[in-house]
$ cat my_file.cif   # mmCIF, C-alpha atoms and all ligand atoms
data_model
#
loop_
_atom_site.label_atom_id
_atom_site.label_comp_id
_atom_site.auth_asym_id
_atom_site.auth_seq_id
_atom_site.Cartn_x
_atom_site.Cartn_y
_atom_site.Cartn_z
CA MET A 157 -20.45 1.32 -8.41
CA ILE A 158 -18.26 1.58 -5.31
CA LEU A 159 -15.89 4.21 -3.98
CA THR A 160 -12.77 2.75 -2.36
CA VAL A 161 -10.62 4.87 -0.04
CA ASP A 162 -7.13 3.99 1.23
CA VAL A 163 -5.96 6.16 4.12
CA GLY A 164 -2.18 5.81 4.33
CA ASN A 165 0.22 7.64 6.62
CA THR A 166 1.18 10.15 3.90
CA ARG A 167 -1.83 10.57 1.64
CA ILE A 168 -5.30 9.36 0.90
CA LYS A 169 -5.91 7.51 -2.32
CA ALA A 170 -9.38 6.79 -3.71
CA SER A 171 -10.85 5.10 -6.75
CA VAL A 172 -14.32 4.58 -8.20
CA PHE A 173 -14.93 1.00 -9.38
CA GLU A 174 -17.55 -0.29 -11.74
CA GLY A 175 -17.20 -4.05 -11.28
CA ASN A 176 -13.46 -4.73 -11.51
CA THR A 177 -12.73 -1.65 -13.57
CA SER A 178 -11.34 1.48 -11.98
CA LEU A 179 -13.00 4.52 -13.59
CA GLU A 180 -10.92 7.24 -11.96
CA ASN A 181 -8.26 7.63 -9.28
CA PHE A 182 -7.89 10.47 -6.78
CA VAL A 183 -5.11 11.47 -4.37
CA PHE A 184 -5.63 13.96 -1.56
CA ASP A 185 -4.64 15.13 1.87
CA LYS A 186 -6.35 14.13 5.09
CA ASN A 187 -7.56 17.66 5.88
CA GLU A 188 -9.61 17.74 2.67
CA ILE A 189 -11.13 14.30 2.99
CA GLU A 190 -14.79 15.27 3.41
CA LYS A 191 -14.81 17.82 0.63
CA LYS A 192 -12.99 15.50 -1.78
CA ILE A 193 -15.32 12.58 -1.13
CA GLU A 194 -18.24 14.95 -1.53
CA ASN A 195 -16.88 15.99 -4.97
CA ILE A 196 -16.32 12.41 -6.06
CA LEU A 197 -19.86 11.43 -5.09
CA GLU A 198 -21.23 14.41 -7.00
CA LYS A 199 -19.35 13.29 -10.09
CA TYR A 200 -20.30 9.61 -9.59
CA PRO A 201 -23.80 9.68 -8.05
CA LYS A 202 -24.22 5.97 -8.85
CA CYS A 203 -21.77 5.04 -6.07
CA SER A 204 -23.74 2.85 -3.70
CA ASP A 205 -20.96 1.75 -1.33
CA LEU A 206 -18.09 3.53 0.36
CA VAL A 207 -15.30 1.10 1.28
CA VAL A 208 -12.44 2.28 3.49
CA ALA A 209 -9.14 0.88 4.78
CA SER A 210 -7.26 3.18 7.13
CA VAL A 211 -3.88 2.90 8.81
CA GLY A 212 -3.65 6.67 9.08
CA SER A 213 -5.07 8.92 11.76
CA ILE A 214 -8.53 8.99 10.16
CA GLU A 215 -11.12 6.92 12.03
CA LYS A 216 -14.47 5.54 11.02
CA LYS A 217 -16.29 8.55 12.47
CA SER A 218 -14.90 10.78 9.70
CA PHE A 219 -17.02 8.85 7.20
CA LEU A 220 -20.26 8.61 9.16
CA THR A 221 -21.62 11.74 7.50
CA PHE A 222 -21.90 9.76 4.24
CA GLU A 223 -23.78 6.89 5.82
CA ASN A 224 -27.25 8.24 5.07
CA ARG A 225 -26.44 8.33 1.35
CA LEU A 226 -24.52 5.12 0.75
CA LYS A 227 -23.47 1.92 2.45
CA LEU A 228 -20.31 2.44 4.48
CA HIS A 229 -17.85 -0.36 5.09
CA PHE A 230 -14.78 0.40 7.19
CA PHE A 231 -12.47 -2.64 7.11
CA THR A 232 -11.33 -4.06 10.47
CA HIS A 233 -9.65 -7.22 11.71
CA GLU A 234 -13.12 -8.69 12.34
CA ASP A 235 -13.85 -8.97 8.61
CA VAL A 236 -13.49 -12.20 6.65
CA PHE A 237 -10.24 -12.49 4.72
CA PRO A 238 -9.34 -15.13 2.12
CA PHE A 239 -6.08 -16.24 3.83
CA HIS A 240 -5.08 -17.99 7.05
CA ASN A 241 -3.41 -15.42 9.25
CA LYS A 242 -0.23 -16.86 10.83
CA TYR A 243 1.04 -13.51 12.16
CA ALA A 244 1.77 -13.90 15.87
CA THR A 245 -0.02 -10.61 16.60
CA PRO A 246 -2.91 -10.63 14.09
CA LYS A 247 -4.73 -7.78 15.83
CA THR A 248 -1.82 -5.39 15.28
CA LEU A 249 -1.27 -6.33 11.64
CA GLY A 250 -1.91 -3.21 9.51
CA ILE A 251 -5.27 -3.32 7.78
CA ASP A 252 -3.54 -2.14 4.57
CA ARG A 253 -1.28 -5.20 4.70
CA MET A 254 -4.31 -7.42 5.23
CA ILE A 255 -6.04 -5.91 2.20
CA LEU A 256 -2.86 -6.33 0.09
CA ALA A 257 -2.56 -9.95 1.20
CA ALA A 258 -6.24 -10.53 0.43
CA GLY A 259 -5.89 -8.97 -3.03
CA ALA A 260 -2.81 -11.07 -3.78
CA THR A 261 -4.60 -14.23 -2.63
CA LEU A 262 -7.69 -13.52 -4.73
CA GLN A 263 -5.90 -12.29 -7.87
CA PHE A 264 -3.10 -14.87 -7.92
CA PRO A 265 -4.60 -18.07 -6.52
CA LYS A 266 -2.57 -21.01 -5.23
CA GLN A 267 0.95 -19.69 -5.59
CA ASN A 268 3.53 -18.09 -3.34
CA ARG A 269 3.20 -14.31 -3.38
CA LEU A 270 5.33 -11.47 -2.08
CA VAL A 271 3.70 -8.04 -1.90
CA ILE A 272 5.99 -5.03 -1.55
CA ASP A 273 4.30 -1.72 -0.78
CA ALA A 274 6.67 1.23 -1.02
CA GLY A 275 4.69 3.92 0.77
CA THR A 276 5.45 5.89 3.94
CA CYS A 277 6.95 2.61 5.09
CA ILE A 278 8.04 -0.25 2.90
CA THR A 279 6.01 -3.29 3.85
CA TYR A 280 6.74 -6.82 2.75
CA ASP A 281 3.98 -9.43 3.00
CA PHE A 282 4.33 -13.08 2.10
CA ILE A 283 1.40 -15.41 1.44
CA ASP A 284 2.31 -19.00 0.58
CA GLU A 285 0.67 -21.28 -1.98
CA ASN A 286 -1.61 -22.72 0.71
CA ASP A 287 -2.92 -19.23 1.44
CA ASN A 288 -1.07 -18.90 4.73
CA TYR A 289 -0.15 -15.30 5.48
CA LEU A 290 3.32 -15.65 7.04
CA GLY A 291 4.33 -12.02 7.71
CA GLY A 292 7.17 -9.99 6.21
CA ALA A 293 8.93 -6.79 7.16
CA ILE A 294 8.42 -3.11 7.83
CA SER A 295 11.12 -0.54 7.08
CA PRO A 296 11.25 3.22 6.45
CA GLY A 297 10.02 4.40 3.04
CA LEU A 298 11.93 6.65 0.65
CA ARG A 299 10.69 10.00 1.93
CA LEU A 300 10.87 8.87 5.54
CA ARG A 301 14.57 8.12 5.03
CA TYR A 302 15.27 11.61 3.72
CA GLU A 303 13.26 13.12 6.57
CA SER A 304 14.79 11.06 9.34
CA LEU A 305 18.34 11.87 8.25
CA HIS A 306 17.41 15.53 8.59
CA ASN A 307 15.24 15.30 11.71
CA PHE A 308 17.63 13.27 13.83
CA THR A 309 20.90 15.02 12.98
CA ALA A 310 22.19 18.56 13.39
CA ARG A 311 23.91 18.93 10.02
CA LEU A 312 22.01 17.04 7.38
CA PRO A 313 19.75 19.06 5.10
CA LEU A 314 16.27 17.93 4.12
CA LEU A 315 16.53 16.84 0.49
CA THR A 316 13.94 15.61 -1.91
CA LEU A 317 14.26 12.59 -4.12
CA GLU A 318 16.97 12.79 -6.73
CA GLU A 319 18.75 10.13 -8.73
CA PRO A 320 22.28 9.72 -7.24
CA ASP A 321 25.16 10.24 -9.66
CA SER A 322 27.12 7.33 -8.26
CA TYR A 323 27.41 4.97 -5.28
CA VAL A 324 30.33 7.11 -4.22
CA GLY A 325 28.57 10.29 -3.19
CA ASN A 326 31.18 13.07 -3.50
CA SER A 327 29.26 15.75 -1.58
CA THR A 328 26.84 15.86 1.34
CA ALA A 329 23.88 15.96 -1.00
CA GLN A 330 25.21 13.17 -3.23
CA ALA A 331 26.11 11.06 -0.19
CA ILE A 332 22.55 11.40 1.10
CA HIS A 333 20.97 10.61 -2.27
CA SER A 334 23.26 7.62 -2.65
CA GLY A 335 22.48 6.37 0.85
CA VAL A 336 18.76 6.83 0.55
CA VAL A 337 18.09 5.78 -3.03
CA ASN A 338 20.74 3.07 -3.40
CA GLY A 339 20.03 1.81 0.11
CA PHE A 340 16.33 1.58 -0.72
CA VAL A 341 16.99 -0.36 -3.93
CA TYR A 342 19.58 -2.69 -2.36
CA GLU A 343 17.28 -3.44 0.52
CA ILE A 344 14.45 -4.53 -1.72
CA ASP A 345 16.67 -6.55 -4.06
CA GLY A 346 18.30 -8.11 -0.98
CA PHE A 347 14.95 -9.17 0.48
CA ILE A 348 13.81 -10.63 -2.83
CA ASP A 349 17.06 -12.65 -3.03
CA GLU A 350 16.47 -13.99 0.51
CA TYR A 351 12.93 -15.06 -0.34
CA ARG A 352 14.22 -16.75 -3.49
CA LYS A 353 16.54 -18.92 -1.40
CA GLU A 354 13.62 -20.26 0.61
CA PHE A 355 10.80 -20.30 -1.93
CA SER A 356 11.93 -21.19 -5.43
CA ASN A 357 8.82 -19.83 -7.06
CA PHE A 358 6.77 -16.80 -6.17
CA ILE A 359 5.23 -13.82 -7.81
CA ILE A 360 6.07 -10.31 -6.71
CA ILE A 361 3.59 -7.47 -6.60
CA LEU A 362 5.10 -4.02 -6.20
CA THR A 363 2.88 -1.11 -5.22
CA GLY A 364 2.78 2.17 -3.27
CA GLY A 365 3.74 5.78 -4.05
CA ASP A 366 7.35 4.89 -4.92
CA ALA A 367 6.59 1.76 -6.94
CA ASP A 368 7.13 3.29 -10.38
CA PHE A 369 10.38 4.96 -9.36
CA LEU A 370 11.60 1.70 -7.89
CA ALA A 371 10.56 -0.77 -10.55
CA LYS A 372 13.06 0.37 -13.15
CA ARG A 373 15.93 0.44 -10.66
CA LEU A 374 15.63 -3.04 -9.21
CA LYS A 375 17.92 -5.81 -10.33
CA ASN A 376 14.93 -8.14 -10.17
CA THR A 377 12.37 -7.53 -12.90
CA ILE A 378 9.07 -6.61 -11.35
CA PHE A 379 6.02 -4.95 -12.74
CA ALA A 380 4.63 -2.18 -10.62
CA ASN A 381 0.93 -1.67 -10.06
CA SER A 382 0.45 1.48 -8.02
CA ASN A 383 -3.30 0.81 -7.93
CA PHE A 384 -2.98 -2.62 -6.31
CA LEU A 385 -4.23 -1.61 -2.86
CA LEU A 386 -7.37 0.05 -4.21
CA GLU A 387 -8.03 -2.88 -6.56
CA SER A 388 -7.56 -5.22 -3.62
CA LEU A 389 -9.98 -3.18 -1.52
CA SER A 390 -12.65 -3.55 -4.16
CA GLN A 391 -12.00 -7.31 -4.49
CA THR A 392 -11.84 -7.95 -0.75
CA TYR A 393 -15.13 -6.12 -0.33
CA GLN A 394 -16.70 -8.34 -2.99
CA TYR A 395 -15.24 -11.37 -1.21
CA LYS A 396 -16.77 -10.18 2.06
CA ILE A 397 -20.20 -9.78 0.45
CA ASP A 398 -19.97 -13.28 -1.05
CA ASN A 399 -18.76 -14.92 2.17
CA ASP A 400 -20.55 -13.16 5.01
N1 LIG A 501 2.96 13.96 -4.38
C1 LIG A 501 3.50 13.16 -3.45
N2 LIG A 501 3.35 13.42 -2.14
C2 LIG A 501 3.88 12.62 -1.20
N3 LIG A 501 4.60 11.52 -1.49
C3 LIG A 501 4.80 11.21 -2.77
C4 LIG A 501 4.26 12.00 -3.82
N4 LIG A 501 4.62 11.42 -4.98
C5 LIG A 501 5.34 10.33 -4.69
N5 LIG A 501 5.48 10.20 -3.36
C6 LIG A 501 6.21 9.13 -2.70
O1 LIG A 501 5.23 8.25 -2.20
C7 LIG A 501 5.59 7.76 -0.93
C8 LIG A 501 4.31 7.65 -0.12
O2 LIG A 501 3.54 6.67 -0.78
P1 LIG A 501 2.02 6.41 -0.48
O3 LIG A 501 1.71 5.09 -1.12
O4 LIG A 501 1.17 7.56 -0.86
O5 LIG A 501 2.06 6.30 1.11
P2 LIG A 501 0.95 5.95 2.17
O6 LIG A 501 0.06 4.89 1.55
O7 LIG A 501 1.73 5.43 3.31
O8 LIG A 501 0.20 7.21 2.47
C9 LIG A 501 6.64 8.70 -0.34
O9 LIG A 501 7.74 7.94 0.10
C10 LIG A 501 7.07 9.56 -1.52
O10 LIG A 501 8.44 9.34 -1.88
C1 LIG A 502 3.45 -0.59 8.63
C2 LIG A 502 2.42 0.50 8.36
C3 LIG A 502 2.74 1.72 9.22
C4 LIG A 502 2.51 0.89 6.87
O1 LIG A 502 1.75 2.04 6.60
P1 LIG A 502 1.84 2.86 5.22
O2 LIG A 502 3.27 2.89 4.80
O3 LIG A 502 1.05 2.06 4.20
O4 LIG A 502 1.23 4.19 5.46
C5 LIG A 502 0.97 -0.04 8.64
O5 LIG A 502 0.74 -1.20 7.93
C6 LIG A 502 0.76 -0.30 10.11
O6 LIG A 502 0.46 0.59 10.88
N1 LIG A 502 0.97 -1.58 10.55
C7 LIG A 502 0.81 -2.02 11.90
C8 LIG A 502 1.91 -2.95 12.32
C9 LIG A 502 1.98 -4.26 11.56
O7 LIG A 502 1.54 -4.35 10.40
O8 LIG A 502 2.47 -5.25 12.14
K K A 503 3.31 0.66 2.98
#

$ encode --input "my_file.cif" --output "structure tokens" --more "lines below"
Ligand SMILES: Nc1ncnc2c1ncn2[C@@H]1O[C@H](COP(=O)(O)OP(=O)(O)O)[C@@H](O)[C@H]1O
Ligand SMILES: CC(C)(COP(=O)(O)O)[C@@H](O)C(=O)NCCC(=O)O
Ligand SMILES: [K+]
Amino acid sequence: MILTVDVGNTRIKASVFEGNTSLENFVFDKNEIEKKIENILEKYPKCSDLVVASVGSIEKKSFLTFENRLKLHFFTHEDVFPFHNKYATPKTLGIDRMILAAGATLQFPKQNRLVIDAGTCITYDFIDENDNYLGGAISPGLRLRYESLHNFTARLPLLTLEEPDSYVGNSTAQAIHSGVVNGFVYEIDGFIDEYRKEFSNFIIILTGGDADFLAKRLKNTIFANSNFLLESLSQTYQYKIDND
């Protein structure tokens, strides 16, 4: 049994895996990380490994306290990954993106894959059928868009996610919702269309905190799997054990 932990820039997500099956998922804040992991391990004392991927402000040292009880693996760029990394700056590629690319490569072998993670940022990652990781894009996520409109202007209120009534926002609030939500959806559909021009065939994996909200609004039919990063963490860890 392993406990996987994904430290994003907004929240921490965790899941207990028995083989390939996720037994339970958890979401928490970074200031409660130790206590929450403690609680999970109490509930699942059979956890033998703690597997972490962090792009947030939490470093490996935050997990060292668990090292006397279970095997700790904190993913870094030095680990073995099942794809050829063609990114021009592989050392600055987010470890979350590497785990997503690894999961896509392992779960969907020998085909072109596009992974879209709608989290704090939207990240796009493309792995071709020869398992070359080519790169993708990084843009602001849904909540970040609402927050930046407020933080970098004098007059725009901080709103929370709401379905816009129309493209033609007829008030400040509606104009913001239209800009953020419709802009978000158009961006993703636009990227998918671009990829389609270059690669006739590819599968799309949509994940992240806004995946479910997004999936039903996209023109392109995509199935969301909000657990994809944690599943990929578990699979990439298994891959590491088998290939080290
Ligand atoms: N309870 C929540 N708290 C914060 N963000 C949430 C929540 N529910 C949904 N979201 C959405 O999830 C996004 C963050 O996704 P997440 O995958 O958790 O990010 P990260 O992996 O970067 O921490 C935000 O853009 C926000 O719109
Ligand atoms: C782009 C990210 C901030 C996304 O983080 P997230 O939205 O998952 O919290 C993260 O993958 C990161 O810090 N990347 C480093 C730059 C790069 O991937 O090229
Ligand atoms: K992301």

$ closest_residue --input "my_file.cif" --among "A:Asn268, A:Glu354, A:Phe369, A:Ile294" --to "Glu318 in chain A" --atoms "only C-alpha atoms"
A:Phe369

$ closest_atom_pairs --input "my_file.cif" --of "chain A" --to "ligand K 503 (chain A)" --cutoff "6 Å" --atoms "all atoms listed in the file" --output "JSON lines"
{"residue": "A:Asp273", "atom": "CA", "partner": "A:K503", "partner_atom": "K", "distance": 4.6}
{"residue": "A:Ala274", "atom": "CA", "partner": "A:K503", "partner_atom": "K", "distance": 5.3}
{"residue": "A:Gly275", "atom": "CA", "partner": "A:K503", "partner_atom": "K", "distance": 4.2}
{"residue": "A:Thr276", "atom": "CA", "partner": "A:K503", "partner_atom": "K", "distance": 5.7}
{"residue": "A:Cys277", "atom": "CA", "partner": "A:K503", "partner_atom": "K", "distance": 4.6}
{"residue": "A:Ile278", "atom": "CA", "partner": "A:K503", "partner_atom": "K", "distance": 4.8}
{"residue": "A:Thr279", "atom": "CA", "partner": "A:K503", "partner_atom": "K", "distance": 4.9}

$ atom_distance --input "my_file.cif" --atom1 "CA of Val337 in chain A" --atom2 "CA of Gly164 in chain A"
21.6 Å

$ residues_near_ligand --input "my_file.cif" --ligand "ligand LIG 501 (chain A)" --cutoff "8 Å" --atoms "all atoms listed in the file" --output "number ranges by chain"
A: 162-169, 212, 273-277, 297-300, 317, 363-366, 382

$ residues_around --input "my_file.cif" --residues "range 195-201 of chain A" --least-positions-apart "6" --cutoff "10 Å" --atoms "only C-alpha atoms" --output "list in words"
Met157, Ile158, Leu159, Ala170, Ser171, Val172, Leu179, Glu180, Asn181, Phe182, Ile189, Phe222, Arg225 and Leu226 of chain A

$ closest_residue --input "my_file.cif" --among "A:Phe231, A:Ser327, A:Asp345, A:Asp321" --to "Lys372 in chain A" --atoms "all atoms listed in the file"
A:Asp345

$ residues_around --input "my_file.cif" --residues "range 245-247 of chain A" --least-positions-apart "6" --cutoff "12 Å" --atoms "all atoms listed in the file" --output "ChimeraX atom specification"
/A:232-235,253-254,289-291

$ write_last_selection --input "my_file.cif" --atoms "C-alpha atoms" --output "PDB file, keeping the file's coordinate frame"
ATOM      1  CA  THR A 232     -11.330  -4.060  10.470  1.00  0.00           C
ATOM      2  CA  HIS A 233      -9.650  -7.220  11.710  1.00  0.00           C
ATOM      3  CA  GLU A 234     -13.120  -8.690  12.340  1.00  0.00           C
ATOM      4  CA  ASP A 235     -13.850  -8.970   8.610  1.00  0.00           C
ATOM      5  CA  ARG A 253      -1.280  -5.200   4.700  1.00  0.00           C
ATOM      6  CA  MET A 254      -4.310  -7.420   5.230  1.00  0.00           C
ATOM      7  CA  TYR A 289      -0.150 -15.300   5.480  1.00  0.00           C
ATOM      8  CA  LEU A 290       3.320 -15.650   7.040  1.00  0.00           C
ATOM      9  CA  GLY A 291       4.330 -12.020   7.710  1.00  0.00           C
TER      10      GLY A 291
END

$ closest_residue --input "my_file.cif" --among "A:Phe384, A:Asp400, A:His333, A:Ser204" --to "Leu262 in chain A" --atoms "only C-alpha atoms"
A:Phe384

$ atom_distance --input "my_file.cif" --atom1 "CA of Glu223 in chain A" --atom2 "CA of Thr248 in chain A"
26.9 Å

$ closest_residue --input "my_file.cif" --among "A:Phe355, A:Phe264, A:Tyr342, A:Phe173" --to "Ser390 in chain A" --atoms "only C-alpha atoms"
A:Phe173

$ closest_residue --input "my_file.cif" --among "A:Glu319, A:Asp281, A:Glu303, A:Glu343" --to "ligand LIG 502 (chain A)" --atoms "all atoms listed in the file"
A:Asp281

$ closest_residue --input "my_file.cif" --among "A:Pro320, A:Glu387, A:Tyr351, A:Val271" --to "Ala367 in chain A" --atoms "all atoms listed in the file"
A:Val271

$ atom_distance --input "my_file.cif" --atom1 "CA of Asp284 in chain A" --atom2 "CA of Thr261 in chain A"
9.0 Å

$ residues_around --input "my_file.cif" --residues "Lys217 in chain A" --least-positions-apart "3" --cutoff "12 Å" --atoms "all atoms listed in the file" --output "list in words"
Glu190, Val208, Ser210, Ser213, Ile214, Leu220, Thr221, Phe222, Glu223, Leu228, His229 and Phe230 of chain A

$ axis_aligned_box --input "my_file.cif" --around "range 187-199 of chain A" --padding-each-side "8 Å" --output "JSON"
{"center_x": -14.4, "center_y": 14.6, "center_z": -2.1, "size_x": 29.7, "size_y": 22.4, "size_z": 32.0}

$ decode --input "my_file.cif" --residues "range 207-230 of chain A" --atoms "N, CA, C and O atoms" --output "mmCIF file, in the first residue's frame"
data_model
loop_
_atom_site.group_PDB
_atom_site.id
_atom_site.type_symbol
_atom_site.label_atom_id
_atom_site.label_comp_id
_atom_site.auth_asym_id
_atom_site.auth_seq_id
_atom_site.Cartn_x
_atom_site.Cartn_y
_atom_site.Cartn_z
ATOM 1 N N VAL A 207 5.064 8.626 -1.371
ATOM 2 C CA VAL A 207 5.593 9.060 -2.671
ATOM 3 C C VAL A 207 5.092 10.473 -2.946
ATOM 4 O O VAL A 207 3.878 10.700 -2.968
ATOM 5 N N VAL A 208 6.018 11.407 -3.167
ATOM 6 C CA VAL A 208 5.643 12.820 -3.240
ATOM 7 C C VAL A 208 6.127 13.467 -4.539
ATOM 8 O O VAL A 208 7.257 13.219 -4.994
ATOM 9 N N ALA A 209 5.273 14.294 -5.130
ATOM 10 C CA ALA A 209 5.705 15.199 -6.206
ATOM 11 C C ALA A 209 5.288 16.590 -5.774
ATOM 12 O O ALA A 209 4.124 16.808 -5.418
ATOM 13 N N SER A 210 6.223 17.527 -5.764
ATOM 14 C CA SER A 210 5.903 18.870 -5.295
ATOM 15 C C SER A 210 6.371 19.940 -6.270
ATOM 16 O O SER A 210 7.543 19.985 -6.643
ATOM 17 N N VAL A 211 5.439 20.809 -6.669
ATOM 18 C CA VAL A 211 5.829 22.031 -7.378
ATOM 19 C C VAL A 211 5.475 23.232 -6.509
ATOM 20 O O VAL A 211 5.654 24.362 -6.901
ATOM 21 N N GLY A 212 4.935 22.944 -5.333
ATOM 22 C CA GLY A 212 4.568 24.010 -4.412
ATOM 23 C C GLY A 212 5.758 24.370 -3.544
ATOM 24 O O GLY A 212 6.899 23.999 -3.828
ATOM 25 N N SER A 213 5.472 25.087 -2.466
ATOM 26 C CA SER A 213 6.563 25.599 -1.632
ATOM 27 C C SER A 213 7.014 24.571 -0.595
ATOM 28 O O SER A 213 7.839 24.870 0.245
ATOM 29 N N ILE A 214 6.450 23.372 -0.638
ATOM 30 C CA ILE A 214 6.812 22.338 0.337
ATOM 31 C C ILE A 214 7.996 21.524 -0.194
ATOM 32 O O ILE A 214 7.945 20.990 -1.301
ATOM 33 N N GLU A 215 9.048 21.460 0.632
ATOM 34 C CA GLU A 215 10.272 20.755 0.212
ATOM 35 C C GLU A 215 10.310 19.363 0.836
ATOM 36 O O GLU A 215 9.500 19.031 1.689
ATOM 37 N N LYS A 216 11.337 18.634 0.456
ATOM 38 C CA LYS A 216 11.488 17.269 0.957
ATOM 39 C C LYS A 216 11.556 17.225 2.491
ATOM 40 O O LYS A 216 11.027 16.310 3.120
ATOM 41 N N LYS A 217 12.187 18.251 3.069
ATOM 42 C CA LYS A 217 12.388 18.208 4.528
ATOM 43 C C LYS A 217 11.079 18.130 5.326
ATOM 44 O O LYS A 217 11.047 17.583 6.416
ATOM 45 N N SER A 218 9.987 18.604 4.742
ATOM 46 C CA SER A 218 8.690 18.522 5.422
ATOM 47 C C SER A 218 8.220 17.083 5.621
ATOM 48 O O SER A 218 7.315 16.828 6.405
ATOM 49 N N PHE A 219 8.806 16.163 4.869
ATOM 50 C CA PHE A 219 8.337 14.776 4.937
ATOM 51 C C PHE A 219 9.304 13.874 5.694
ATOM 52 O O PHE A 219 9.013 12.707 5.906
ATOM 53 N N LEU A 220 10.448 14.436 6.079
ATOM 54 C CA LEU A 220 11.494 13.596 6.691
ATOM 55 C C LEU A 220 11.028 12.968 8.002
ATOM 56 O O LEU A 220 11.470 11.872 8.349
ATOM 57 N N THR A 221 10.108 13.632 8.684
ATOM 58 C CA THR A 221 9.618 13.099 9.955
ATOM 59 C C THR A 221 8.930 11.724 9.790
ATOM 60 O O THR A 221 8.844 10.966 10.734
ATOM 61 N N PHE A 222 8.490 11.415 8.571
ATOM 62 C CA PHE A 222 7.822 10.126 8.337
ATOM 63 C C PHE A 222 8.796 9.023 7.925
ATOM 64 O O PHE A 222 8.422 7.875 7.790
ATOM 65 N N GLU A 223 10.061 9.420 7.737
ATOM 66 C CA GLU A 223 11.016 8.498 7.142
ATOM 67 C C GLU A 223 11.360 7.299 8.022
ATOM 68 O O GLU A 223 11.778 6.262 7.512
ATOM 69 N N ASN A 224 11.204 7.448 9.347
ATOM 70 C CA ASN A 224 11.493 6.292 10.203
ATOM 71 C C ASN A 224 10.375 5.248 10.177
ATOM 72 O O ASN A 224 10.539 4.133 10.623
ATOM 73 N N ARG A 225 9.215 5.632 9.630
ATOM 74 C CA ARG A 225 8.075 4.713 9.627
ATOM 75 C C ARG A 225 7.822 4.079 8.275
ATOM 76 O O ARG A 225 7.299 2.994 8.154
ATOM 77 N N LEU A 226 8.130 4.816 7.210
ATOM 78 C CA LEU A 226 7.892 4.254 5.882
ATOM 79 C C LEU A 226 8.910 4.803 4.888
ATOM 80 O O LEU A 226 9.622 5.755 5.186
ATOM 81 N N LYS A 227 8.974 4.157 3.731
ATOM 82 C CA LYS A 227 9.961 4.538 2.741
ATOM 83 C C LYS A 227 9.492 5.817 2.042
ATOM 84 O O LYS A 227 8.388 5.856 1.496
ATOM 85 N N LEU A 228 10.348 6.831 2.049
ATOM 86 C CA LEU A 228 9.976 8.105 1.443
ATOM 87 C C LEU A 228 10.619 8.224 0.064
ATOM 88 O O LEU A 228 11.821 8.009 -0.090
ATOM 89 N N HIS A 229 9.785 8.543 -0.923
ATOM 90 C CA HIS A 229 10.377 8.892 -2.223
ATOM 91 C C HIS A 229 9.833 10.240 -2.682
ATOM 92 O O HIS A 229 8.641 10.407 -2.915
ATOM 93 N N PHE A 230 10.751 11.199 -2.831
ATOM 94 C CA PHE A 230 10.404 12.552 -3.258
ATOM 95 C C PHE A 230 10.907 12.675 -4.693
ATOM 96 O O PHE A 230 12.118 12.685 -4.928
#
